[in-house]
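**Q** Just query-v8.csv, nothing more (CSV, C-alpha atoms and all ligand atoms):
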chain,number,residue,atom,x,y,z
Y,4,MET,CA,50.2,64.5,-19.1
Y,5,GLY,CA,53.1,66.9,-18.5
Y,6,SER,CA,52.3,69.6,-15.9
Y,7,ARG,CA,50.1,68.4,-13.1
Y,8,MET,CA,46.5,69.7,-13.3
Y,9,ASP,CA,44.5,70.5,-10.2
Y,10,LYS,CA,41.5,68.5,-11.0
Y,11,VAL,CA,40.6,66.4,-14.0
Y,12,ARG,CA,37.3,67.8,-15.3
Y,13,VAL,CA,35.2,65.1,-16.9
Y,14,ALA,CA,32.4,65.0,-19.4
Y,15,LEU,CA,30.3,61.9,-19.2
Y,16,VAL,CA,28.4,60.8,-22.3
Y,17,GLY,CA,25.6,58.2,-21.8
Y,18,SER,CA,24.1,58.3,-18.4
Y,19,GLY,CA,22.4,54.9,-18.2
Y,20,ALA,CA,22.9,52.0,-15.9
Y,21,ILE,CA,26.7,51.7,-15.8
Y,22,ALA,CA,27.2,55.4,-15.7
Y,23,HIS,CA,26.0,55.4,-12.1
Y,24,ARG,CA,28.9,53.2,-11.1
Y,25,HIS,CA,31.2,55.8,-12.8
Y,26,GLY,CA,29.4,58.7,-11.2
Y,27,TYR,CA,30.0,57.1,-7.8
Y,28,ALA,CA,33.7,56.5,-8.7
Y,29,LEU,CA,34.3,60.1,-9.9
Y,30,LYS,CA,32.8,61.4,-6.6
Y,31,GLN,CA,35.3,59.3,-4.6
Y,32,ASN,CA,38.3,60.7,-6.4
Y,33,GLU,CA,39.5,64.1,-4.9
Y,34,PHE,CA,41.3,64.9,-8.2
Y,35,ALA,CA,38.3,64.4,-10.5
Y,36,GLU,CA,35.4,66.6,-11.1
Y,37,LEU,CA,32.3,65.6,-13.0
Y,38,THR,CA,31.7,68.7,-15.0
Y,39,ALA,CA,29.3,67.8,-17.8
Y,40,VAL,CA,26.6,65.1,-18.6
Y,41,VAL,CA,25.4,64.4,-22.2
Y,42,ASP,CA,22.7,62.0,-23.2
Y,43,VAL,CA,20.2,61.8,-26.0
Y,44,ASN,CA,17.7,61.1,-23.3
Y,45,ARG,CA,17.6,64.4,-21.4
Y,46,ASP,CA,15.6,62.9,-18.5
Y,47,ASN,CA,18.4,60.3,-17.9
Y,48,ALA,CA,21.0,63.1,-18.0
Y,49,SER,CA,19.1,65.3,-15.6
Y,50,ALA,CA,18.4,62.5,-13.1
Y,51,PHE,CA,22.1,61.5,-13.3
Y,52,ALA,CA,23.4,65.1,-12.8
Y,53,ALA,CA,21.0,65.6,-9.8
Y,54,LYS,CA,22.5,62.5,-8.2
Y,55,TRP,CA,26.2,62.8,-9.0
Y,56,GLY,CA,26.8,66.4,-10.1
Y,57,GLY,CA,27.7,68.1,-13.4
Y,58,SER,CA,25.7,70.3,-15.7
Y,59,VAL,CA,23.6,68.8,-18.5
Y,60,TYR,CA,24.6,69.7,-22.0
Y,61,ASP,CA,22.8,69.0,-25.3
Y,62,SER,CA,25.9,67.8,-27.1
Y,63,LEU,CA,29.5,66.9,-26.4
Y,64,ASP,CA,30.6,69.7,-28.7
Y,65,ASP,CA,29.0,72.2,-26.3
Y,66,CYS,CA,31.1,71.2,-23.4
Y,67,LEU,CA,34.4,70.0,-24.8
Y,68,GLY,CA,35.9,73.3,-24.1
Y,69,GLU,CA,35.2,72.9,-20.4
Y,70,VAL,CA,36.7,69.5,-19.8
Y,71,ASP,CA,40.0,67.6,-19.8
Y,72,ALA,CA,38.6,64.1,-20.2
Y,73,VAL,CA,35.6,62.3,-21.6
Y,74,TYR,CA,33.9,59.1,-20.4
Y,75,VAL,CA,32.0,57.4,-23.3
Y,76,LEU,CA,29.4,55.2,-21.7
Y,77,THR,CA,26.9,54.9,-24.5
Y,78,PRO,CA,25.9,51.7,-26.4
Y,79,PRO,CA,28.9,50.6,-28.5
Y,80,SER,CA,27.4,51.4,-31.9
Y,81,VAL,CA,27.3,55.1,-31.2
Y,82,ARG,CA,30.6,55.3,-29.3
Y,83,PRO,CA,33.0,56.0,-32.2
Y,84,ASP,CA,31.7,59.5,-33.0
Y,85,TYR,CA,32.0,60.6,-29.4
Y,86,ALA,CA,35.4,59.0,-28.9
Y,87,LEU,CA,36.8,60.5,-32.1
Y,88,ALA,CA,35.5,63.9,-31.2
Y,89,ALA,CA,37.1,63.8,-27.8
Y,90,LEU,CA,40.5,62.6,-29.1
Y,91,SER,CA,40.6,65.1,-32.0
Y,92,SER,CA,40.2,67.9,-29.4
Y,93,GLY,CA,43.1,66.5,-27.4
Y,94,LYS,CA,41.0,65.1,-24.5
Y,95,HIS,CA,41.8,62.1,-22.4
Y,96,LEU,CA,39.4,59.2,-23.0
Y,97,LEU,CA,37.8,56.4,-21.1
Y,98,CYS,CA,35.4,54.1,-23.1
Y,99,GLU,CA,33.2,51.5,-21.7
Y,100,LYS,CA,33.5,48.0,-23.2
Y,101,PRO,CA,33.0,46.9,-25.9
Y,102,LEU,CA,35.1,49.6,-27.7
Y,103,ALA,CA,32.7,49.7,-30.7
Y,104,ALA,CA,30.3,47.4,-32.5
Y,105,SER,CA,32.8,46.6,-35.3
Y,106,GLU,CA,36.5,45.8,-35.4
Y,107,ALA,CA,37.0,48.6,-38.0
Y,108,ASP,CA,35.4,51.2,-35.7
Y,109,ALA,CA,37.5,50.0,-32.8
Y,110,ARG,CA,40.7,50.3,-34.9
Y,111,ARG,CA,39.7,53.9,-35.9
Y,112,ILE,CA,39.4,54.8,-32.2
Y,113,ALA,CA,42.6,53.2,-31.1
Y,114,THR,CA,44.6,54.7,-34.0
Y,115,ALA,CA,43.1,58.2,-33.2
Y,116,ALA,CA,44.2,57.7,-29.6
Y,117,ASP,CA,47.8,57.0,-30.7
Y,118,GLU,CA,47.7,60.2,-32.8
Y,119,ALA,CA,46.2,62.3,-30.0
Y,120,GLY,CA,48.8,61.0,-27.5
Y,121,THR,CA,46.4,61.5,-24.6
Y,122,VAL,CA,45.6,58.9,-22.0
Y,123,ALA,CA,43.1,56.6,-23.6
Y,124,VAL,CA,41.8,53.5,-21.9
Y,125,MET,CA,39.1,51.0,-22.2
Y,126,GLY,CA,37.1,50.4,-19.0
Y,127,LEU,CA,37.9,46.8,-18.5
Y,128,ASN,CA,37.0,47.0,-14.8
Y,129,MET,CA,37.5,43.2,-14.2
Y,130,ARG,CA,41.2,43.9,-14.2
Y,131,HIS,CA,40.6,45.9,-11.0
Y,132,ARG,CA,38.9,43.1,-9.2
Y,133,ARG,CA,40.7,41.5,-6.3
Y,134,GLY,CA,39.8,38.0,-7.3
Y,135,PHE,CA,41.1,38.1,-10.8
Y,136,ASP,CA,44.1,40.1,-9.6
Y,137,ARG,CA,44.8,37.4,-7.0
Y,138,LEU,CA,44.8,34.7,-9.7
Y,139,ARG,CA,47.0,36.8,-12.0
Y,140,HIS,CA,49.5,37.4,-9.2
Y,141,ALA,CA,49.9,33.7,-8.6
Y,142,VAL,CA,50.6,33.2,-12.3
Y,143,HIS,CA,52.9,36.1,-12.7
Y,144,GLN,CA,54.9,35.3,-9.5
Y,145,GLY,CA,55.7,32.0,-11.1
Y,146,LYS,CA,53.9,30.0,-8.3
Y,147,LEU,CA,52.3,27.6,-10.9
Y,148,GLY,CA,55.4,27.2,-13.0
Y,149,ARG,CA,54.9,27.7,-16.7
Y,150,PRO,CA,51.1,28.3,-17.2
Y,151,TYR,CA,49.8,26.3,-20.1
Y,152,HIS,CA,46.0,26.3,-19.8
Y,153,PHE,CA,43.4,29.0,-18.8
Y,154,TRP,CA,39.8,28.2,-18.3
Y,155,ARG,CA,36.8,30.3,-17.6
Y,156,GLN,CA,33.2,29.2,-17.2
Y,157,ARG,CA,30.4,31.6,-16.4
Y,158,PHE,CA,26.7,30.6,-16.7
Y,159,GLY,CA,24.0,33.0,-15.6
Y,160,SER,CA,20.8,34.7,-16.7
Y,161,GLY,CA,21.1,37.6,-19.1
Y,162,PRO,CA,18.9,39.1,-21.9
Y,163,GLY,CA,16.8,36.5,-23.6
Y,164,ALA,CA,17.4,33.9,-20.8
Y,165,THR,CA,14.0,32.4,-21.0
Y,166,GLY,CA,13.8,32.4,-24.8
Y,167,THR,CA,12.0,35.7,-25.2
Y,168,ILE,CA,13.0,39.3,-24.9
Y,169,THR,CA,11.2,40.8,-22.0
Y,170,SER,CA,12.8,44.2,-21.7
Y,171,LYS,CA,13.9,46.2,-24.7
Y,172,ASN,CA,17.2,48.0,-24.8
Y,173,TRP,CA,20.1,48.5,-27.3
Y,174,ARG,CA,21.4,44.9,-26.7
Y,175,THR,CA,18.2,43.5,-28.3
Y,176,ASP,CA,17.1,46.4,-30.5
Y,177,PRO,CA,16.6,44.7,-33.9
Y,178,GLN,CA,18.5,47.6,-35.6
Y,179,TYR,CA,21.7,47.1,-33.6
Y,180,VAL,CA,21.6,43.7,-31.9
Y,181,VAL,CA,24.7,43.3,-29.6
Y,182,GLY,CA,24.9,39.7,-28.5
Y,183,MET,CA,26.9,38.3,-25.6
Y,184,THR,CA,29.9,37.5,-27.7
Y,185,VAL,CA,30.6,41.1,-28.5
Y,186,GLU,CA,29.2,42.6,-25.2
Y,187,SER,CA,30.3,40.8,-22.1
Y,188,PHE,CA,32.7,38.3,-23.7
Y,189,SER,CA,35.1,41.2,-24.0
Y,190,HIS,CA,35.8,40.8,-20.2
Y,191,ASP,CA,36.5,37.1,-20.6
Y,192,ALA,CA,38.8,37.5,-23.6
Y,193,ASP,CA,40.6,40.3,-21.8
Y,194,LEU,CA,41.0,38.3,-18.6
Y,195,LEU,CA,42.5,35.4,-20.6
Y,196,ARG,CA,45.1,37.8,-22.2
Y,197,TRP,CA,45.9,39.6,-19.0
Y,198,ILE,CA,46.1,36.7,-16.6
Y,199,MET,CA,48.1,34.5,-19.0
Y,200,GLN,CA,50.2,37.4,-20.4
Y,201,ASP,CA,49.7,35.8,-23.7
Y,202,GLU,CA,48.0,36.4,-27.0
Y,203,ILE,CA,45.3,34.4,-28.8
Y,204,VAL,CA,46.3,33.0,-32.1
Y,205,SER,CA,43.3,30.9,-33.1
Y,206,VAL,CA,39.8,30.2,-32.0
Y,207,SER,CA,37.3,27.4,-32.6
Y,208,SER,CA,33.8,28.2,-31.4
Y,209,ILE,CA,30.2,27.3,-31.3
Y,210,VAL,CA,27.9,30.3,-30.7
Y,211,TYR,CA,24.2,30.5,-30.7
Y,212,GLY,CA,21.1,32.2,-29.3
Y,213,THR,CA,18.2,30.8,-27.5
Y,214,VAL,CA,15.7,33.5,-28.6
Y,215,PRO,CA,13.8,32.1,-31.6
Y,216,ASP,CA,12.3,35.5,-32.5
Y,217,MET,CA,15.8,37.1,-32.7
Y,218,PRO,CA,18.1,34.7,-34.7
Y,219,THR,CA,20.9,37.3,-34.9
Y,220,PHE,CA,21.1,37.6,-31.1
Y,221,ASP,CA,23.6,35.3,-29.4
Y,222,ASN,CA,23.6,34.4,-25.7
Y,223,ASN,CA,25.8,31.3,-25.6
Y,224,ALA,CA,29.5,31.0,-26.6
Y,225,TYR,CA,31.7,27.9,-26.2
Y,226,VAL,CA,35.2,28.6,-27.3
Y,227,LEU,CA,38.6,26.8,-27.6
Y,228,PHE,CA,41.7,28.9,-28.0
Y,229,ARG,CA,45.3,28.3,-29.1
Y,230,LEU,CA,47.7,30.7,-27.4
Y,231,LYS,CA,50.9,32.2,-28.8
Y,232,SER,CA,53.0,30.5,-26.2
Y,233,GLY,CA,51.7,27.1,-27.4
Y,234,GLY,CA,49.2,26.9,-24.5
Y,235,SER,CA,45.5,26.6,-24.7
Y,236,ALA,CA,42.3,28.1,-23.2
Y,237,THR,CA,38.6,27.5,-23.0
Y,238,ILE,CA,35.9,30.0,-22.3
Y,239,THR,CA,32.3,28.8,-21.9
Y,240,ALA,CA,29.7,31.4,-21.3
Y,241,SER,CA,25.9,31.4,-21.2
Y,242,TRP,CA,23.3,34.1,-20.5
Y,243,SER,CA,20.5,31.5,-20.5
Y,244,SER,CA,21.3,29.4,-17.4
Y,245,ARG,CA,18.8,29.3,-14.6
Y,246,ILE,CA,21.6,28.8,-12.1
Y,247,SER,CA,24.5,31.1,-11.8
Y,248,PHE,CA,27.9,29.5,-11.9
Y,249,ASN,CA,31.4,31.0,-12.2
Y,250,ASP,CA,34.9,29.7,-12.1
Y,251,CYS,CA,38.2,30.7,-13.7
Y,252,GLY,CA,41.6,29.1,-13.3
Y,253,VAL,CA,45.0,28.3,-14.6
Y,254,LEU,CA,46.9,25.0,-15.0
Y,255,GLY,CA,50.7,25.4,-14.7
Y,256,GLU,CA,53.5,22.9,-14.9
Y,257,SER,CA,53.9,22.9,-11.1
Y,258,GLY,CA,50.6,24.2,-9.8
Y,259,THR,CA,46.9,24.9,-10.2
Y,260,ALA,CA,44.9,27.9,-9.1
Y,261,PHE,CA,41.3,28.9,-9.6
Y,262,LEU,CA,38.6,31.2,-8.5
Y,263,TYR,CA,35.2,29.8,-7.7
Y,264,GLY,CA,31.7,30.9,-6.6
Y,265,SER,CA,28.9,33.1,-7.6
Y,266,ALA,CA,26.1,35.2,-6.1
Y,267,LEU,CA,22.4,35.4,-6.7
Y,268,GLY,CA,21.2,37.7,-9.5
Y,269,ASN,CA,22.5,38.7,-12.9
Y,270,ASN,CA,25.8,40.0,-11.6
Y,271,GLY,CA,26.5,36.8,-9.6
Y,272,ILE,CA,28.6,35.4,-12.4
Y,273,TRP,CA,31.1,38.1,-11.9
Y,274,CYS,CA,31.5,37.4,-8.2
Y,275,SER,CA,34.1,35.0,-6.7
Y,276,ARG,CA,33.8,33.5,-3.3
Y,277,GLU,CA,37.0,31.4,-3.1
Y,278,PHE,CA,40.5,31.3,-4.4
Y,279,HIS,CA,42.1,27.8,-4.5
Y,280,ILE,CA,45.8,27.1,-5.0
Y,281,LYS,CA,48.1,24.1,-4.8
Y,282,THR,CA,51.6,23.8,-6.0
Y,283,ASP,CA,54.1,20.9,-6.0
Y,284,ASP,CA,55.7,22.4,-2.9
Y,285,ASP,CA,52.4,22.3,-0.9
Y,286,GLU,CA,51.2,19.3,0.9
Y,287,PHE,CA,47.6,20.5,0.8
Y,288,GLU,CA,45.4,22.8,-1.3
Y,289,THR,CA,44.9,26.3,0.2
Y,290,ILE,CA,41.5,27.9,0.1
Y,291,GLU,CA,41.2,31.7,0.7
Y,292,MET,CA,37.7,33.1,1.2
Y,293,ILE,CA,38.1,36.2,-0.8
Y,294,GLN,CA,34.4,37.3,-1.2
Y,295,ASP,CA,35.0,39.4,-4.3
Y,296,ASP,CA,31.5,40.8,-5.1
Y,297,LEU,CA,30.9,43.0,-8.1
Y,298,ASP,CA,30.3,46.3,-6.5
Y,299,GLU,CA,31.5,49.9,-7.0
Y,300,ALA,CA,35.1,49.1,-5.9
Y,301,SER,CA,36.5,48.1,-9.4
Y,302,TYR,CA,35.0,51.2,-11.0
Y,303,VAL,CA,36.6,53.3,-8.2
Y,304,ASN,CA,40.0,51.7,-8.9
Y,305,GLU,CA,39.5,52.2,-12.6
Y,306,THR,CA,38.9,55.9,-12.2
Y,307,ASP,CA,41.8,56.3,-9.8
Y,308,ASP,CA,44.0,54.5,-12.3
Y,309,PHE,CA,42.8,56.8,-15.1
Y,310,VAL,CA,43.1,60.0,-13.2
Y,311,SER,CA,46.6,59.1,-11.9
Y,312,ALA,CA,47.7,58.4,-15.5
Y,313,ILE,CA,46.5,61.8,-16.5
Y,314,ARG,CA,47.9,63.8,-13.5
Y,315,GLU,CA,51.0,61.8,-12.7
Y,316,GLY,CA,51.9,60.0,-16.0
Y,317,THR,CA,51.6,56.6,-14.5
Y,318,THR,CA,50.9,53.7,-16.8
Y,319,PRO,CA,47.2,52.7,-16.8
Y,320,ARG,CA,46.2,49.1,-16.3
Y,321,THR,CA,44.4,48.9,-19.6
Y,322,THR,CA,45.0,50.6,-23.0
Y,323,ILE,CA,42.6,51.4,-25.8
Y,324,TRP,CA,44.3,48.7,-27.8
Y,325,ASP,CA,43.3,46.1,-25.2
Y,326,GLY,CA,39.8,47.1,-26.2
Y,327,TYR,CA,40.5,46.7,-29.9
Y,328,GLU,CA,42.1,43.3,-29.2
Y,329,THR,CA,39.1,41.9,-27.3
Y,330,LEU,CA,36.7,43.0,-30.0
Y,331,ARG,CA,39.0,41.3,-32.6
Y,332,VAL,CA,38.7,38.1,-30.6
Y,333,SER,CA,34.9,38.5,-30.4
Y,334,ALA,CA,34.7,38.9,-34.1
Y,335,ALA,CA,36.9,35.8,-34.6
Y,336,VAL,CA,34.7,33.8,-32.3
Y,337,LEU,CA,31.5,34.8,-34.2
Y,338,GLU,CA,33.3,34.0,-37.5
Y,339,SER,CA,34.6,30.6,-36.4
Y,340,SER,CA,31.1,29.6,-35.4
Y,341,ARG,CA,29.6,30.9,-38.6
Y,342,ILE,CA,32.0,29.0,-40.9
Y,343,GLY,CA,32.3,25.9,-38.7
Y,344,ALA,CA,36.1,26.0,-38.7
Y,345,PRO,CA,39.0,27.5,-36.6
Y,346,VAL,CA,39.8,31.1,-37.3
Y,347,THR,CA,43.4,32.3,-37.1
Y,348,LEU,CA,44.3,35.7,-35.6
Y,349,GLU,CA,47.5,37.2,-37.0
P,1,LIG,N1,32.1,47.3,-17.4
P,1,LIG,C1,31.0,46.6,-17.2
P,1,LIG,O1,31.0,45.6,-16.5
P,1,LIG,C2,29.7,47.0,-17.9
P,1,LIG,C3,28.5,46.7,-17.3
P,1,LIG,C4,27.3,47.1,-18.0
P,1,LIG,C5,27.4,47.8,-19.1
P,1,LIG,N2,28.6,48.1,-19.7
P,1,LIG,C6,28.8,48.8,-21.0
P,1,LIG,O2,28.4,50.2,-20.8
P,1,LIG,C7,27.7,50.6,-22.0
P,1,LIG,C8,26.4,51.2,-21.6
P,1,LIG,O3,25.6,50.1,-21.0
P,1,LIG,P1,24.4,50.4,-20.1
P,1,LIG,O4,24.0,49.1,-19.5
P,1,LIG,O5,24.7,51.6,-19.2
P,1,LIG,O6,23.2,50.9,-21.1
P,1,LIG,P2,22.0,51.7,-20.8
P,1,LIG,O7,21.0,51.4,-21.9
P,1,LIG,O8,21.5,51.6,-19.4
P,1,LIG,O9,22.5,53.2,-20.9
P,1,LIG,C9,22.9,53.8,-22.1
P,1,LIG,C10,22.7,55.3,-22.1
P,1,LIG,O10,23.3,55.9,-23.3
P,1,LIG,C11,22.3,56.8,-23.8
P,1,LIG,N3,22.5,56.9,-25.2
P,1,LIG,C12,22.1,56.1,-26.2
P,1,LIG,N4,22.4,56.6,-27.4
P,1,LIG,C13,23.1,57.7,-27.2
P,1,LIG,C14,23.7,58.7,-28.0
P,1,LIG,N5,23.7,58.5,-29.4
P,1,LIG,N6,24.3,59.7,-27.5
P,1,LIG,C15,24.3,59.9,-26.1
P,1,LIG,N7,23.7,59.1,-25.3
P,1,LIG,C16,23.1,58.0,-25.8
P,1,LIG,C17,21.0,56.2,-23.4
P,1,LIG,O11,19.9,57.2,-23.5
P,1,LIG,C18,21.2,55.7,-22.0
P,1,LIG,O12,21.0,56.7,-21.0
P,1,LIG,C19,27.7,49.4,-22.9
P,1,LIG,O13,28.8,49.5,-23.8
P,1,LIG,C20,27.8,48.2,-22.0
P,1,LIG,O14,28.4,47.1,-22.7
P,1,LIG,C21,29.8,47.7,-19.0
Now that the file is in, can you turn its structure into structure tokens?

**A**
Amino acid sequence: MGSRMDKVRVALVGSGAIAHRHGYALKQNEFAELTAVVDVNRDNASAFAAKWGGSVYDSLDDCLGEVDAVYVLTPPSVRPDYALAALSSGKHLLCEKPLAASEADARRIATAADEAGTVAVMGLNMRHRRGFDRLRHAVHQGKLGRPYHFWRQRFGSGPGATGTITSKNWRTDPQYVVGMTVESFSHDADLLRWIMQDEIVSVSSIVYGTVPDMPTFDNNAYVLFRLKSGGSATITASWSSRISFNDCGVLGESGTAFLYGSALGNNGIWCSREFHIKTDDDEFETIEMIQDDLDEASYVNETDDFVSAIREGTTPRTTIWDGYETLRVSAAVLESSRIGAPVTLE
């Protein structure tokens, strides 16, 4: 922060699937410049740089001197070394979710970010979706009265949906295995905290996988939460449903609101078609057709938010500690299911 820089020069580490969304977003921002691309798979890096720009480097160390910020878009298990290297050189940092593969590693990153004092965010792009933002607005404006229950249900088809692993990647690599509860549940736990403006104090869960050959891989999580305010929440999520289904809502003392709808394909569970609301002041329920598809827009908003925090000192919509907190929740969800009892978060 401090004096306004001309352009924020970015090194991007990990140039796989999600990196293309970030490449597009960086290209849209006139104050950002994609300077360097790093990947253990040089072919991925070269193809990425040819499409979105930047020069390919063999390691992050080789390009740290050329950049102001680092995007770490690798699988979570290898994220800490890159994030810590960026922070210890005084760079701004954007990490994809989940922040790391373990709570201890996530804490190391978040603590290092505090020490560095740079802008450090976790890329929780769902906070930049107009559907979830619409629901959050209704709650925060007090339209529903005191909110006391949050629910979220998303069923769809993910890795291992049919009981076998058909395409190998880091999520199902036997050495690392990152199941749904750590990977995409980070979005759900974060939406709960962000929309309710509340903290999770205990979880009771049932988590399991439907891939017999990979017993450590989970793709279903059914979770009941107690919130600090005294309220409650449920999140039910499956990667093994043949039909996509998605809804998310809030019960308040004087109103109810929810998002509903999905689209075909794996990303359908992150799309909302309709926003419904009815308060005690309304004679009828209102339905807004919001058509919030998961496309590049939320990544563009995320990059704009990050770049403006660096250049103008604005407060970013997410912090690195939000990333730590969601991983802590995922760990508690796994633990509660393992021991068959509620787990308390301090
Ligand atoms: N925000 C979202 O909605 C969203 C969506 C998808 C993925 N993600 C997250 O993004 C991250 C990456 O997921 P993906 O789907 O792009 O995976 P991917 O497998 O498509 O890409 C990962 C890339 O990282 C590279 N890589 C692996 N190990 C590396 C290392 N040690 N050093 C440098 N590069 C390395 C791989 O070669 C590959 O190019 C994950 O944490 C995932 O959870 C977030």

**Q** Nearest residue to Thr165 of chain Y out of Y:Ser340, Y:Ser187, Y:Thr289, Y:Ser241, using only C-alpha atoms?

**A**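 Using only C-alpha atoms, Thr165 of chain Y sits closest to Y:Ser241.
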
**Q** Which polymer residues, whether protein, DNA or RNA, lie within 10 Å of the coordinate (44.1, 68.1, -17.5) when you count all atoms listed in the file? List them as a ChimeraX atom specification, using the chain letters and numbers from the file.

**A** /Y:4-13,35,70-72,94-95,121,310,313-314

**Q** Write out as a PyMOL selection string the residues lying within 9 Å of Ser265 of chain Y, counting all atoms listed in the file and excluding same-chain residues fewer than 6 positions away.

**A** chain Y and resi 247-250+271-276+296

**Q** Hey, can you pull every residue with an atom no more than 10 Å from (52.4, 19.5, -18.4), using only C-alpha atoms, and send it as a list in words?

**A** Gly148, Arg149, Pro150, Tyr151, His152, Leu254, Gly255, Glu256, Ser257 and Gly258 of chain Y

**Q** Which residues form the shell of 6 Å around ligand LIG 1 (chain P) when you count only C-alpha atoms and all ligand atoms, given as a PyMOL selection string?

**A** chain Y and resi 16-22+42-44+47+76-79+81+99-101+127-128+172+186

**Q** Save the residues we just selected, C-alpha atoms, as a JSON list (two decimals), in the frame of the given file?

**A**
[["chain", "number", "residue", "atom", "x", "y", "z"],
["Y", 16, "VAL", "CA", 28.40, 60.80, -22.30],
["Y", 17, "GLY", "CA", 25.60, 58.20, -21.80],
["Y", 18, "SER", "CA", 24.10, 58.30, -18.40],
["Y", 19, "GLY", "CA", 22.40, 54.90, -18.20],
["Y", 20, "ALA", "CA", 22.90, 52.00, -15.90],
["Y", 21, "ILE", "CA", 26.70, 51.70, -15.80],
["Y", 22, "ALA", "CA", 27.20, 55.40, -15.70],
["Y", 42, "ASP", "CA", 22.70, 62.00, -23.20],
["Y", 43, "VAL", "CA", 20.20, 61.80, -26.00],
["Y", 44, "ASN", "CA", 17.70, 61.10, -23.30],
["Y", 47, "ASN", "CA", 18.40, 60.30, -17.90],
["Y", 76, "LEU", "CA", 29.40, 55.20, -21.70],
["Y", 77, "THR", "CA", 26.90, 54.90, -24.50],
["Y", 78, "PRO", "CA", 25.90, 51.70, -26.40],
["Y", 79, "PRO", "CA", 28.90, 50.60, -28.50],
["Y", 81, "VAL", "CA", 27.30, 55.10, -31.20],
["Y", 99, "GLU", "CA", 33.20, 51.50, -21.70],
["Y", 100, "LYS", "CA", 33.50, 48.00, -23.20],
["Y", 101, "PRO", "CA", 33.00, 46.90, -25.90],
["Y", 127, "LEU", "CA", 37.90, 46.80, -18.50],
["Y", 128, "ASN", "CA", 37.00, 47.00, -14.80],
["Y", 172, "ASN", "CA", 17.20, 48.00, -24.80],
["Y", 186, "GLU", "CA", 29.20, 42.60, -25.20]]

**Q** Could you please determine the separation between atom CA of Asp64 of chain Y and atom CA of Ala89 of chain Y in Å, to one decimal place?

**A**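 About the pair atom CA of Asp64 of chain Y and atom CA of Ala89 of chain Y: they are 8.8 Å apart.
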
**Q** Please report, as JSON lines, each residue of segment 61-169 of chain Y lying at most 9 Å from segment 317-338 of chain Y, together with the nearest pair of atoms and the separation in Å rounded to one decimal; use all atoms listed in the file, and order rows by chain and ascending residue number.

**A**
{"residue": "Y:Leu96", "atom": "CA", "partner": "Y:Ile323", "partner_atom": "CA", "distance": 8.9}
{"residue": "Y:Leu97", "atom": "CA", "partner": "Y:Ile323", "partner_atom": "CA", "distance": 8.4}
{"residue": "Y:Cys98", "atom": "CA", "partner": "Y:Ile323", "partner_atom": "CA", "distance": 8.1}
{"residue": "Y:Lys100", "atom": "CA", "partner": "Y:Gly326", "partner_atom": "CA", "distance": 7.0}
{"residue": "Y:Pro101", "atom": "CA", "partner": "Y:Leu330", "partner_atom": "CA", "distance": 6.8}
{"residue": "Y:Leu102", "atom": "CA", "partner": "Y:Gly326", "partner_atom": "CA", "distance": 5.5}
{"residue": "Y:Ala103", "atom": "CA", "partner": "Y:Leu330", "partner_atom": "CA", "distance": 7.8}
{"residue": "Y:Ala104", "atom": "CA", "partner": "Y:Leu330", "partner_atom": "CA", "distance": 8.2}
{"residue": "Y:Ser105", "atom": "CA", "partner": "Y:Leu330", "partner_atom": "CA", "distance": 7.5}
{"residue": "Y:Glu106", "atom": "CA", "partner": "Y:Arg331", "partner_atom": "CA", "distance": 5.9}
{"residue": "Y:Asp108", "atom": "CA", "partner": "Y:Tyr327", "partner_atom": "CA", "distance": 8.9}
{"residue": "Y:Ala109", "atom": "CA", "partner": "Y:Tyr327", "partner_atom": "CA", "distance": 5.3}
{"residue": "Y:Arg110", "atom": "CA", "partner": "Y:Tyr327", "partner_atom": "CA", "distance": 6.2}
{"residue": "Y:Ile112", "atom": "CA", "partner": "Y:Ile323", "partner_atom": "CA", "distance": 7.9}
{"residue": "Y:Ala113", "atom": "CA", "partner": "Y:Ile323", "partner_atom": "CA", "distance": 5.6}
{"residue": "Y:Thr114", "atom": "CA", "partner": "Y:Trp324", "partner_atom": "CA", "distance": 8.6}
{"residue": "Y:Ala116", "atom": "CA", "partner": "Y:Ile323", "partner_atom": "CA", "distance": 7.5}
{"residue": "Y:Val122", "atom": "CA", "partner": "Y:Pro319", "partner_atom": "CA", "distance": 8.2}
{"residue": "Y:Ala123", "atom": "CA", "partner": "Y:Ile323", "partner_atom": "CA", "distance": 5.7}
{"residue": "Y:Val124", "atom": "CA", "partner": "Y:Thr322", "partner_atom": "CA", "distance": 4.5}
{"residue": "Y:Met125", "atom": "CA", "partner": "Y:Ile323", "partner_atom": "CA", "distance": 5.0}
{"residue": "Y:Gly126", "atom": "CA", "partner": "Y:Thr321", "partner_atom": "CA", "distance": 7.5}
{"residue": "Y:Leu127", "atom": "CA", "partner": "Y:Thr321", "partner_atom": "CA", "distance": 6.9}
{"residue": "Y:Arg130", "atom": "CA", "partner": "Y:Arg320", "partner_atom": "CA", "distance": 7.5}
{"residue": "Y:His131", "atom": "CA", "partner": "Y:Arg320", "partner_atom": "CA", "distance": 8.3}

**Q** Using Å and a single decimal, report how far atom CA of Tyr179 of chain Y sits from atom CA of Phe51 of chain Y.

**A**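 Going from atom CA of Phe51 of chain Y over to atom CA of Tyr179 of chain Y covers 24.9 Å.
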
**Q** One decimal, Å: what's the distance from atom CA of Thr237 of chain Y over to atom CA of Tyr225 of chain Y, could you say?

**A**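 Spanning atom CA of Thr237 of chain Y to atom CA of Tyr225 of chain Y is a straight-line distance of 7.6 Å.
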
**Q** Would you pick out the contacts of Tyr302 of chain Y at 7 Å or less, using all atoms listed in the file, so that residues sharing its chain but fewer than 5 positions from it are not included, and give the list as a VMD selection string?

**A** chain Y and resid 24 to 25 28 128

**Q** Write out, as a short mmCIF file (atom, residue, chain, number, x, y, z; two decimals), keeping the file's coordinate frame, the residues just selected, with C-alpha atoms.

**A**
data_model
loop_
_atom_site.label_atom_id
_atom_site.label_comp_id
_atom_site.auth_asym_id
_atom_site.auth_seq_id
_atom_site.Cartn_x
_atom_site.Cartn_y
_atom_site.Cartn_z
CA ARG Y 24 28.90 53.20 -11.10
CA HIS Y 25 31.20 55.80 -12.80
CA ALA Y 28 33.70 56.50 -8.70
CA ASN Y 128 37.00 47.00 -14.80
#
